[in-house]
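> The file below is final.txt, compact mmCIF, C-alpha atoms:
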```txt
# COMPACT_ATOMS: atom_id res chain seq x y z
CA MET A 1236 0.00 0.00 0.00
CA ARG A 1237 1.23 3.48 -0.84
CA GLN A 1238 1.65 5.43 2.40
CA PRO A 1239 2.84 8.99 3.00
CA VAL A 1240 6.43 9.39 4.14
CA PRO A 1241 7.20 12.35 6.46
CA LEU A 1242 9.34 14.91 4.66
CA ASP A 1243 12.06 14.69 7.30
CA ARG A 1244 12.53 11.02 6.40
CA CYS A 1245 12.12 11.16 2.64
CA THR A 1246 15.80 11.45 1.68
CA ARG A 1247 16.13 7.88 2.98
CA LEU A 1248 14.16 6.77 -0.05
CA LEU A 1249 17.18 7.71 -2.22
CA ASN A 1250 20.05 7.44 0.25
CA HIS A 1251 21.14 3.99 -0.90
CA GLY A 1252 21.49 5.04 -4.53
CA PRO A 1253 18.66 3.40 -6.47
CA THR A 1254 17.96 4.07 -10.13
CA VAL A 1255 14.87 6.26 -10.46
CA LEU A 1256 12.13 7.07 -12.93
CA VAL A 1257 11.75 10.79 -13.58
CA SER A 1258 8.34 11.98 -14.67
CA ALA A 1259 6.78 15.33 -15.48
CA GLU A 1260 3.65 16.84 -17.00
CA HIS A 1261 2.94 20.14 -18.70
CA GLU A 1262 -0.33 21.23 -20.31
CA GLY A 1263 -1.52 17.69 -20.90
CA ARG A 1264 1.79 16.34 -22.18
CA ARG A 1265 3.60 13.93 -19.91
CA ASN A 1266 6.60 11.68 -19.96
CA VAL A 1267 8.69 9.33 -17.87
CA MET A 1268 12.37 8.44 -18.25
CA ALA A 1269 14.93 6.40 -16.31
CA ALA A 1270 17.85 8.07 -14.52
CA ALA A 1271 20.72 6.37 -12.74
CA TRP A 1272 22.15 9.69 -11.61
CA SER A 1273 20.21 11.21 -8.75
CA MET A 1274 20.90 11.83 -5.08
CA PRO A 1275 19.59 13.64 -2.00
CA LEU A 1276 20.96 17.12 -1.47
CA ASP A 1277 19.58 18.21 1.90
CA PHE A 1278 17.48 16.88 4.76
CA LEU A 1279 14.97 19.62 5.61
CA PRO A 1280 13.53 21.07 3.61
CA PRO A 1281 14.43 17.95 1.66
CA LYS A 1282 16.16 18.53 -1.66
CA VAL A 1283 17.33 16.28 -4.46
CA ALA A 1284 19.58 16.50 -7.51
CA VAL A 1285 19.11 14.64 -10.81
CA VAL A 1286 20.88 14.70 -14.17
CA LEU A 1287 18.56 15.30 -17.14
CA ASP A 1288 20.21 15.22 -20.55
CA LYS A 1289 19.36 18.02 -22.97
CA GLN A 1290 18.00 15.50 -25.46
CA THR A 1291 15.33 14.19 -23.14
CA PHE A 1292 11.69 15.12 -23.64
CA THR A 1293 11.18 14.99 -19.88
CA ARG A 1294 13.64 17.84 -19.33
CA GLY A 1295 11.54 20.20 -21.42
CA LEU A 1296 8.48 19.30 -19.38
CA VAL A 1297 10.38 19.95 -16.13
CA GLU A 1298 11.57 23.32 -17.41
CA ALA A 1299 8.09 24.30 -18.57
CA SER A 1300 6.14 23.12 -15.53
CA GLY A 1301 8.71 23.68 -12.78
CA ARG A 1302 7.76 20.32 -11.30
CA PHE A 1303 8.79 16.68 -11.50
CA ALA A 1304 8.54 13.40 -9.65
CA LEU A 1305 11.14 10.76 -8.87
CA ALA A 1306 9.91 7.20 -8.42
CA VAL A 1307 11.94 4.20 -7.28
CA PRO A 1308 11.25 1.11 -9.42
CA PRO A 1309 11.77 -2.37 -7.95
CA VAL A 1310 13.15 -5.50 -9.60
CA ALA A 1311 9.65 -6.33 -10.89
CA LEU A 1312 9.87 -3.21 -13.09
CA ALA A 1313 13.37 -3.84 -14.49
CA GLY A 1314 12.04 -4.37 -18.01
CA LEU A 1315 9.85 -1.28 -17.90
CA THR A 1316 12.72 0.79 -16.46
CA GLN A 1317 15.00 -0.34 -19.25
CA ARG A 1318 12.38 0.37 -21.93
CA VAL A 1319 11.50 3.89 -20.80
CA GLY A 1320 15.21 4.63 -20.67
CA ASN A 1321 15.72 3.54 -24.27
CA ILE A 1322 12.94 5.33 -26.13
CA SER A 1323 12.14 9.02 -26.28
CA GLY A 1324 8.82 10.61 -25.41
CA ARG A 1325 9.36 12.76 -28.48
CA ASP A 1326 8.92 9.70 -30.68
CA VAL A 1327 6.23 7.72 -28.87
CA ASP A 1328 3.62 8.30 -26.20
CA LYS A 1329 5.07 5.94 -23.63
CA PHE A 1330 1.81 6.02 -21.68
CA ALA A 1331 -0.23 4.80 -24.64
CA ALA A 1332 2.33 2.07 -25.32
CA SER A 1333 2.27 0.71 -21.78
CA ASP A 1334 -0.61 -0.59 -19.69
CA ALA A 1335 1.48 -0.08 -16.56
CA LEU A 1336 2.18 3.55 -17.42
CA ALA A 1337 -1.38 4.12 -18.57
CA ARG A 1338 -2.45 3.49 -14.98
CA ALA A 1339 -0.08 6.18 -13.64
CA GLU A 1340 -2.00 8.83 -11.71
CA PRO A 1341 -1.05 12.49 -11.57
CA GLY A 1342 0.73 13.35 -8.34
CA PRO A 1343 -1.44 15.60 -6.18
CA ALA A 1344 1.35 18.14 -5.62
CA THR A 1345 2.88 18.29 -9.10
CA GLY A 1346 0.64 16.64 -11.68
CA ALA A 1347 3.64 14.52 -12.66
CA PRO A 1348 2.56 10.93 -13.34
CA LEU A 1349 3.33 8.56 -10.45
CA VAL A 1350 4.22 5.17 -11.90
CA GLU A 1351 2.29 2.31 -10.34
CA GLY A 1352 4.35 -0.62 -9.08
CA CYS A 1353 7.22 1.56 -7.87
CA VAL A 1354 8.17 1.32 -4.19
CA ALA A 1355 8.70 5.04 -3.49
CA TRP A 1356 7.70 8.38 -5.00
CA LEU A 1357 8.97 11.90 -4.37
CA GLU A 1358 7.14 14.89 -5.83
CA CYS A 1359 9.44 17.84 -6.35
CA ARG A 1360 9.38 21.53 -7.10
CA ARG A 1361 12.24 22.55 -9.40
CA LEU A 1362 14.73 24.92 -7.81
CA PRO A 1363 15.78 26.85 -10.92
CA GLU A 1364 19.54 27.02 -11.30
CA PRO A 1365 20.00 27.92 -14.96
CA HIS A 1366 23.79 27.85 -14.93
CA VAL A 1367 24.25 24.30 -13.66
CA GLU A 1368 21.25 23.12 -15.67
CA GLN A 1369 22.89 24.36 -18.86
CA ALA A 1370 26.51 23.57 -18.02
CA TYR A 1371 26.02 20.15 -16.37
CA ASP A 1372 22.44 19.02 -17.10
CA LEU A 1373 22.03 19.15 -13.34
CA PHE A 1374 18.55 19.82 -11.96
CA LEU A 1375 17.78 20.54 -8.32
CA GLY A 1376 14.43 20.18 -6.62
CA GLU A 1377 12.72 20.51 -3.27
CA VAL A 1378 10.66 17.50 -2.24
CA VAL A 1379 7.11 18.60 -1.43
CA ALA A 1380 5.45 15.21 -0.96
CA ALA A 1381 6.66 11.63 -0.63
CA TRP A 1382 5.19 8.15 -0.43
CA ALA A 1383 6.43 4.60 -0.18
CA ASP A 1384 5.07 1.07 -0.43
CA ASP A 1385 4.73 -0.01 3.19
CA ARG A 1386 5.61 -3.58 2.31
CA VAL A 1387 9.24 -2.41 2.02
CA PHE A 1388 9.43 1.06 3.64
CA ARG A 1389 7.73 1.83 6.95
CA ASP A 1390 8.54 3.54 10.27
CA GLY A 1391 10.98 5.73 8.34
CA ARG A 1392 13.20 2.97 6.94
CA TRP A 1393 13.56 0.24 4.37
CA HIS A 1394 12.61 -3.34 5.30
CA PHE A 1395 13.68 -5.56 2.43
CA ALA A 1396 14.66 -8.66 4.41
CA ASP A 1397 11.17 -10.05 4.96
CA ALA A 1398 9.62 -8.83 1.70
CA ASP A 1399 9.22 -10.25 -1.80
CA PRO A 1400 12.65 -10.04 -3.54
CA ALA A 1401 10.84 -8.56 -6.57
CA LEU A 1402 10.30 -5.43 -4.42
CA ARG A 1403 14.01 -4.73 -3.95
CA THR A 1404 15.34 -1.56 -5.54
CA LEU A 1405 17.25 -1.53 -8.84
CA HIS A 1406 20.76 -0.12 -9.22
CA HIS A 1407 21.89 0.39 -12.80
CA ILE A 1408 25.38 -0.73 -13.78
CA ALA A 1409 25.47 -0.17 -17.53
CA GLY A 1410 23.71 -1.22 -20.71
CA GLY A 1411 20.48 -2.41 -19.15
CA HIS A 1412 22.20 -4.45 -16.46
CA PHE A 1413 21.01 -3.87 -12.94
CA LEU A 1414 21.97 -5.03 -9.49
CA ALA A 1415 19.26 -5.49 -6.85
CA ILE A 1416 19.90 -4.04 -3.41
CA GLY A 1417 21.10 -6.74 -1.02
CA ASP A 1418 20.83 -7.45 2.67
CA GLU A 1419 21.54 -5.32 5.68
CA VAL A 1420 25.18 -5.36 6.73
CA ASP A 1421 25.61 -6.90 10.14
CA TYR A 1422 28.64 -5.33 11.80
CA ALA A 1423 29.77 -3.80 15.05
CA PRO A 1424 30.42 -0.09 14.46
CA ASP A 1425 33.57 -0.23 16.58
CA ALA A 1426 34.94 -3.38 14.94
CA GLY A 1427 36.81 -3.85 11.72
CA PRO A 1428 40.06 -2.23 10.55
CA ARG A 1429 41.16 0.61 12.77
CA MET B 155 44.87 -5.80 -6.96
CA ARG B 156 44.32 -2.14 -7.70
CA GLN B 157 44.14 -1.69 -11.46
CA PRO B 158 43.57 1.44 -13.56
CA VAL B 159 40.07 1.98 -14.91
CA PRO B 160 39.76 3.78 -18.27
CA LEU B 161 38.19 7.20 -17.79
CA ASP B 162 35.37 6.39 -20.22
CA ARG B 163 34.28 3.58 -17.89
CA CYS B 164 34.87 5.21 -14.51
CA THR B 165 31.35 6.53 -13.90
CA ARG B 166 30.32 2.87 -13.61
CA LEU B 167 32.16 2.78 -10.31
CA LEU B 168 29.47 5.08 -8.87
CA ASN B 169 26.50 4.31 -11.11
CA HIS B 170 24.84 1.92 -8.68
CA GLY B 171 24.84 4.44 -5.83
CA PRO B 172 27.41 3.28 -3.27
CA THR B 173 28.35 5.26 -0.19
CA VAL B 174 31.81 6.81 -0.68
CA LEU B 175 34.73 8.06 1.34
CA VAL B 176 35.80 11.58 0.39
CA SER B 177 39.43 12.48 1.02
CA ALA B 178 41.59 15.52 0.41
CA GLU B 179 45.00 16.94 1.28
CA HIS B 180 46.36 20.46 1.48
CA GLU B 181 49.82 21.51 2.63
CA GLY B 182 50.37 18.39 4.69
CA ARG B 183 46.92 18.31 6.29
CA ARG B 184 44.64 15.56 5.16
CA ASN B 185 41.28 14.11 6.02
CA VAL B 186 38.72 11.52 5.02
CA MET B 187 34.95 11.54 5.59
CA ALA B 188 32.00 9.38 4.57
CA ALA B 189 29.36 10.64 2.13
CA ALA B 190 26.17 8.90 1.12
CA TRP B 191 25.31 11.64 -1.34
CA SER B 192 27.37 11.46 -4.51
CA MET B 193 26.67 10.60 -8.14
CA PRO B 194 28.16 10.70 -11.63
CA LEU B 195 27.41 13.84 -13.62
CA ASP B 196 28.83 13.15 -17.07
CA PHE B 197 30.54 10.39 -19.05
CA LEU B 198 33.47 12.02 -20.85
CA PRO B 199 35.22 13.89 -19.56
CA PRO B 200 33.86 12.09 -16.53
CA LYS B 201 32.40 14.29 -13.84
CA VAL B 202 30.95 13.67 -10.41
CA ALA B 203 28.90 15.54 -7.81
CA VAL B 204 29.15 15.18 -4.03
CA VAL B 205 27.56 16.95 -1.08
CA LEU B 206 30.07 18.31 1.47
CA ASP B 207 28.56 19.95 4.53
CA LYS B 208 30.00 23.30 5.60
CA GLN B 209 30.97 21.87 8.98
CA THR B 210 33.28 19.23 7.51
CA PHE B 211 37.04 19.62 7.72
CA THR B 212 37.38 17.84 4.38
CA ARG B 213 35.44 20.59 2.61
CA GLY B 214 38.02 23.18 3.60
CA LEU B 215 40.80 20.99 2.23
CA VAL B 216 38.90 20.55 -1.06
CA GLU B 217 38.39 24.30 -1.36
CA ALA B 218 42.03 25.04 -0.58
CA SER B 219 43.62 22.36 -2.77
CA GLY B 220 41.08 22.18 -5.59
CA ARG B 221 41.35 18.40 -5.50
CA PHE B 222 39.69 15.43 -3.84
CA ALA B 223 39.27 11.69 -4.13
CA LEU B 224 36.20 9.48 -3.84
CA ALA B 225 36.75 5.90 -2.73
CA VAL B 226 34.18 3.11 -2.59
CA PRO B 227 34.39 1.12 0.67
CA PRO B 228 33.19 -2.48 0.77
CA VAL B 229 31.34 -4.35 3.51
CA ALA B 230 34.67 -5.17 5.16
CA LEU B 231 35.11 -1.43 5.85
CA ALA B 232 31.62 -0.80 7.24
CA GLY B 233 32.97 -0.04 10.71
CA LEU B 234 35.66 2.30 9.41
CA THR B 235 33.15 4.04 7.13
CA GLN B 236 30.83 4.60 10.05
CA ARG B 237 33.63 5.88 12.28
CA VAL B 238 35.09 8.40 9.81
CA GLY B 239 31.56 9.67 9.26
CA ASN B 240 31.00 10.29 12.96
CA ILE B 241 34.13 12.15 14.02
CA SER B 242 35.59 15.36 12.65
CA GLY B 243 39.12 15.83 11.34
CA ARG B 244 39.08 19.10 13.21
CA ASP B 245 39.06 17.22 16.50
CA VAL B 246 41.26 14.20 15.80
CA ASP B 247 43.84 13.15 13.25
CA LYS B 248 41.88 10.25 11.81
CA PHE B 249 45.01 8.90 10.15
CA ALA B 250 46.91 8.67 13.43
CA ALA B 251 43.92 6.99 15.07
CA SER B 252 43.61 4.30 12.41
CA ASP B 253 46.13 1.75 11.16
CA ALA B 254 44.05 1.27 8.03
CA LEU B 255 44.05 4.98 7.26
CA ALA B 256 47.71 5.34 8.22
CA ARG B 257 48.49 3.09 5.26
CA ALA B 258 46.60 5.35 2.82
CA GLU B 259 48.89 6.56 0.05
CA PRO B 260 48.60 9.94 -1.64
CA GLY B 261 46.88 9.67 -5.01
CA PRO B 262 49.32 10.40 -7.83
CA ALA B 263 47.03 12.91 -9.49
CA THR B 264 45.69 14.77 -6.47
CA GLY B 265 47.71 13.98 -3.35
CA ALA B 266 44.42 13.06 -1.68
CA PRO B 267 44.85 9.94 0.47
CA LEU B 268 43.55 6.76 -1.19
CA VAL B 269 42.13 4.51 1.50
CA GLU B 270 43.44 0.96 1.37
CA GLY B 271 40.84 -1.80 1.35
CA CYS B 272 38.37 0.15 -0.77
CA VAL B 273 37.24 -1.42 -4.05
CA ALA B 274 37.37 1.70 -6.26
CA TRP B 275 39.02 5.11 -6.23
CA LEU B 276 38.37 8.22 -8.33
CA GLU B 277 40.77 11.16 -8.18
CA CYS B 278 39.06 14.43 -9.04
CA ARG B 279 39.81 18.03 -9.88
CA ARG B 280 37.27 20.40 -8.33
CA LEU B 281 35.19 22.31 -10.86
CA PRO B 282 34.63 25.50 -8.88
CA GLU B 283 30.98 26.49 -8.75
CA PRO B 284 30.83 28.91 -5.81
CA HIS B 285 27.10 29.51 -5.99
CA VAL B 286 25.95 25.90 -5.66
CA GLU B 287 28.77 25.15 -3.23
CA GLN B 288 27.51 27.89 -0.92
CA ALA B 289 23.78 27.47 -1.49
CA TYR B 290 23.57 23.66 -1.54
CA ASP B 291 26.93 22.31 -0.25
CA LEU B 292 27.20 20.77 -3.73
CA PHE B 293 30.69 20.18 -5.12
CA LEU B 294 31.43 19.15 -8.70
CA GLY B 295 34.59 17.53 -9.97
CA GLU B 296 36.20 16.12 -13.07
CA VAL B 297 37.64 12.64 -12.66
CA VAL B 298 41.29 12.65 -13.72
CA ALA B 299 42.29 9.11 -12.66
CA ALA B 300 40.46 6.01 -11.52
CA TRP B 301 41.25 2.56 -10.19
CA ALA B 302 39.39 -0.49 -9.00
CA ASP B 303 40.09 -3.77 -7.24
CA ASP B 304 40.09 -6.31 -10.06
CA ARG B 305 38.61 -8.97 -7.81
CA VAL B 306 35.26 -7.16 -8.18
CA PHE B 307 35.65 -4.69 -11.10
CA ARG B 308 37.31 -5.70 -14.35
CA ASP B 309 36.69 -5.40 -18.11
CA GLY B 310 34.78 -2.21 -17.39
CA ARG B 311 32.16 -3.68 -15.05
CA TRP B 312 31.40 -4.99 -11.60
CA HIS B 313 31.66 -8.73 -10.90
CA PHE B 314 30.31 -9.33 -7.42
CA ALA B 315 28.72 -12.73 -7.97
CA ASP B 316 31.88 -14.82 -7.74
CA ALA B 317 33.76 -12.66 -5.23
CA ASP B 318 34.02 -12.53 -1.45
CA PRO B 319 30.76 -11.00 -0.08
CA ALA B 320 32.93 -8.75 2.11
CA LEU B 321 33.94 -6.95 -1.11
CA ARG B 322 30.40 -5.85 -1.98
CA THR B 323 29.74 -2.13 -1.91
CA LEU B 324 27.99 -0.38 0.98
CA HIS B 325 24.81 1.66 0.61
CA HIS B 326 23.93 3.81 3.60
CA ILE B 327 20.35 3.83 4.82
CA ALA B 328 20.51 5.93 7.99
CA GLY B 329 22.17 6.01 11.39
CA GLY B 330 25.07 3.71 10.60
CA HIS B 331 22.90 1.08 8.95
CA PHE B 332 24.04 -0.09 5.54
CA LEU B 333 22.74 -2.39 2.85
CA ALA B 334 25.22 -4.37 0.76
CA ILE B 335 24.71 -4.39 -2.98
CA GLY B 336 22.97 -7.58 -4.10
CA ASP B 337 22.94 -9.81 -7.14
CA GLU B 338 22.52 -9.03 -10.79
CA VAL B 339 18.89 -8.86 -11.88
CA ASP B 340 18.07 -11.56 -14.36
CA TYR B 341 15.30 -10.31 -16.63
CA ALA B 342 14.31 -10.11 -20.26
CA PRO B 343 14.36 -6.44 -21.30
CA ASP B 344 11.14 -6.89 -23.28
CA ALA B 345 9.31 -8.74 -20.52
CA GLY B 346 7.51 -7.46 -17.46
CA PRO B 347 4.67 -4.98 -17.25
CA ARG B 348 3.98 -3.16 -20.50
```
When written as structure tokens, how does the structure in this file appear?


Amino acid sequence: MRQPVPLDRCTRLLNHGPTVLVSAEHEGRRNVMAAAWSMPLDFLPPKVAVVLDKQTFTRGLVEASGRFALAVPPVALAGLTQRVGNISGRDVDKFAASDALARAEPGPATGAPLVEGCVAWLECRRLPEPHVEQAYDLFLGEVVAAWADDRVFRDGRWHFADADPALRTLHHIAGGHFLAIGDEVDYAPDAGPR
Amino acid sequence: MRQPVPLDRCTRLLNHGPTVLVSAEHEGRRNVMAAAWSMPLDFLPPKVAVVLDKQTFTRGLVEASGRFALAVPPVALAGLTQRVGNISGRDVDKFAASDALARAEPGPATGAPLVEGCVAWLECRRLPEPHVEQAYDLFLGEVVAAWADDRVFRDGRWHFADADPALRTLHHIAGGHFLAIGDEVDYAPDAGPR
């Protein structure tokens, strides 16, 4: 079940470095793309950074609307994540071509489509920084609403150990190859090499 | 064994979102800190982004020297990663307090200490962007040299499946809890939800 995540905990949805889906909507046009390069930027108000190439259709929608969403796809959506990363919304309406995407609902805070089957969603307001956007394709945003699937994220943290492995987050290596996130590391903070 | 990684492949060392150690040196003073928030920014020339809080001693060294290194610690260094993230180089000489850090050698391109026992290292030249550094604690760099431990990264990609699990990368959740990276996702790119 999708449950709200308090804003002071929402950077934890991205802390461990998952690949994300970036979505945006402007005047009835919408798109979703995959991005391996995103990270949290601040705790409160929570901020994020994401790299959006100039060639992407999504970037134009983010620039025009000033809003976007990041969603965290699990292993079950590896194929979908790969496909939306390999075709452009300029060429095809990805939502018409996909039953899963067709069911995406507009985020209440941004209108950006929230992809069903993901395990976390962060709706963001673009923080316009024209210089780094142009020079580095780097977009910054403030998170204004966040949710997670409570089968794997609840009480402010991830719980993958006792959940379906298909709900583990995806971490892109290269060329459509992904690693799933693994198990919690059991260690004594004071042990190990000094 | 530490082996050079071609610059056109080096973003793959960070692509899957591991927690990193950030190190820097200036005029004989050096430090290392942990950072969960870093990501690649461009392929070639390769660039990276990392968040360095204003309170960190490392940030001052990066600003003064214009250089830094990112290293990717494995599970075996979870304790060390946690410890260097919880104490400040202003208060203690972390290198004197740690045999593992005492063995760190200066990177040939930057002088920044390269922490032994990590599985990847990226030496970087700071790309000065004073506005985003001040406003967001966001530092950008161009990677000028990279290496990886060939037990887990060779031929331009990660190979965790057949290696010691203690060499898997660490992904910080919160409060000193880490997840290890898991296994490669076996899927058909055209399968899954449409």

> Select, as a VMD selection string, those residues of chain A with any atom no more than 6 Å from chain B (distances computed using all atoms listed in the file).

chain A and resid 1250 to 1252 1272 1274 1314 1333 to 1335 1406 to 1408 1413 to 1420 1424 to 1429

> If you keep C-alpha atoms, can you produce a file of those selected residues as a PDB file, keeping the file's coordinate frame?


```pdb
ATOM      1  CA  ASN A1250      20.050   7.440   0.250  1.00  0.00           C
ATOM      2  CA  HIS A1251      21.140   3.990  -0.900  1.00  0.00           C
ATOM      3  CA  GLY A1252      21.490   5.040  -4.530  1.00  0.00           C
ATOM      4  CA  TRP A1272      22.150   9.690 -11.610  1.00  0.00           C
ATOM      5  CA  MET A1274      20.900  11.830  -5.080  1.00  0.00           C
ATOM      6  CA  GLY A1314      12.040  -4.370 -18.010  1.00  0.00           C
ATOM      7  CA  SER A1333       2.270   0.710 -21.780  1.00  0.00           C
ATOM      8  CA  ASP A1334      -0.610  -0.590 -19.690  1.00  0.00           C
ATOM      9  CA  ALA A1335       1.480  -0.080 -16.560  1.00  0.00           C
ATOM     10  CA  HIS A1406      20.760  -0.120  -9.220  1.00  0.00           C
ATOM     11  CA  HIS A1407      21.890   0.390 -12.800  1.00  0.00           C
ATOM     12  CA  ILE A1408      25.380  -0.730 -13.780  1.00  0.00           C
ATOM     13  CA  PHE A1413      21.010  -3.870 -12.940  1.00  0.00           C
ATOM     14  CA  LEU A1414      21.970  -5.030  -9.490  1.00  0.00           C
ATOM     15  CA  ALA A1415      19.260  -5.490  -6.850  1.00  0.00           C
ATOM     16  CA  ILE A1416      19.900  -4.040  -3.410  1.00  0.00           C
ATOM     17  CA  GLY A1417      21.100  -6.740  -1.020  1.00  0.00           C
ATOM     18  CA  ASP A1418      20.830  -7.450   2.670  1.00  0.00           C
ATOM     19  CA  GLU A1419      21.540  -5.320   5.680  1.00  0.00           C
ATOM     20  CA  VAL A1420      25.180  -5.360   6.730  1.00  0.00           C
ATOM     21  CA  PRO A1424      30.420  -0.090  14.460  1.00  0.00           C
ATOM     22  CA  ASP A1425      33.570  -0.230  16.580  1.00  0.00           C
ATOM     23  CA  ALA A1426      34.940  -3.380  14.940  1.00  0.00           C
ATOM     24  CA  GLY A1427      36.810  -3.850  11.720  1.00  0.00           C
ATOM     25  CA  PRO A1428      40.060  -2.230  10.550  1.00  0.00           C
ATOM     26  CA  ARG A1429      41.160   0.610  12.770  1.00  0.00           C
TER      27      ARG A1429
END
```

> Taking (3.4, 15.6, -10.9) as a centre in this file's frame and 8 Å as the limit, can you find every polymer residue with an atom that close, using only C-alpha atoms, and give them as an MDAnalysis selection string?

chainID A and resid 1258:1260 1302:1304 1341:1349 1358:1359

> If you measure from atom CA of Ala1355 of chain A to atom CA of Ile1322 of chain A, what distance in Å do you get, rounded to one decimal?

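Distance reported for this atom pair: 23.0 Å.
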
> Rank B:Lys208, B:Gly243, B:Cys272, B:Gly295 by their smallest atom-to-atom distance to Val226 of chain B, using only C-alpha atoms, and report the top residue only.

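Among the listed residues, the smallest separation from Val226 of chain B belongs to B:Cys272.
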
> May I ask for the distance between atom CA of Asn1266 of chain A and atom CA of Phe1292 of chain A, given in Å to one decimal place?

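Computing the Euclidean distance for atom CA of Asn1266 of chain A and atom CA of Phe1292 of chain A yields 7.2 Å.
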
> Which residues are close to Trp275 of chain B, i.e. within 6 Å by only C-alpha atoms, leaving aside same-chain residues fewer than 2 positions away? Reply as a PyMOL selection string.

chain B and resi 224-225+300-301

> Restricted to C-alpha atoms, what would the selected residues look like written as a PDB file, keeping the file's coordinate frame?


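Okay, out-v6.pdb is ready:
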```pdb
ATOM      1  CA  LEU B 224      36.200   9.480  -3.840  1.00  0.00           C
ATOM      2  CA  ALA B 225      36.750   5.900  -2.730  1.00  0.00           C
ATOM      3  CA  ALA B 300      40.460   6.010 -11.520  1.00  0.00           C
ATOM      4  CA  TRP B 301      41.250   2.560 -10.190  1.00  0.00           C
TER       5      TRP B 301
END
```

> For segment 180-195 of chain B, I'd like the enclosing box, axis-aligned and padded by 4 Å on every side, reported as lines of an AutoDock Vina configuration file with centre and edge lengths in Å to one decimal.


```
center_x = 37.8
center_y = 15.2
center_z = -3.7
size_x = 33.1
size_y = 20.6
size_z = 27.9
```

> Under the rule that only C-alpha atoms are counted, which of B:Arg213, B:Phe197, B:Leu321, B:Ala302 is the nearest residue to Gln157 of chain B?

B:Ala302

> Smallest atom-to-atom distance to Pro1280 of chain A: which of A:Arg1325, A:Arg1264, A:Arg1360, A:Arg1338, using only C-alpha atoms?

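Among A:Arg1325, A:Arg1264, A:Arg1360, A:Arg1338, it is A:Arg1360 that comes nearest to Pro1280 of chain A.
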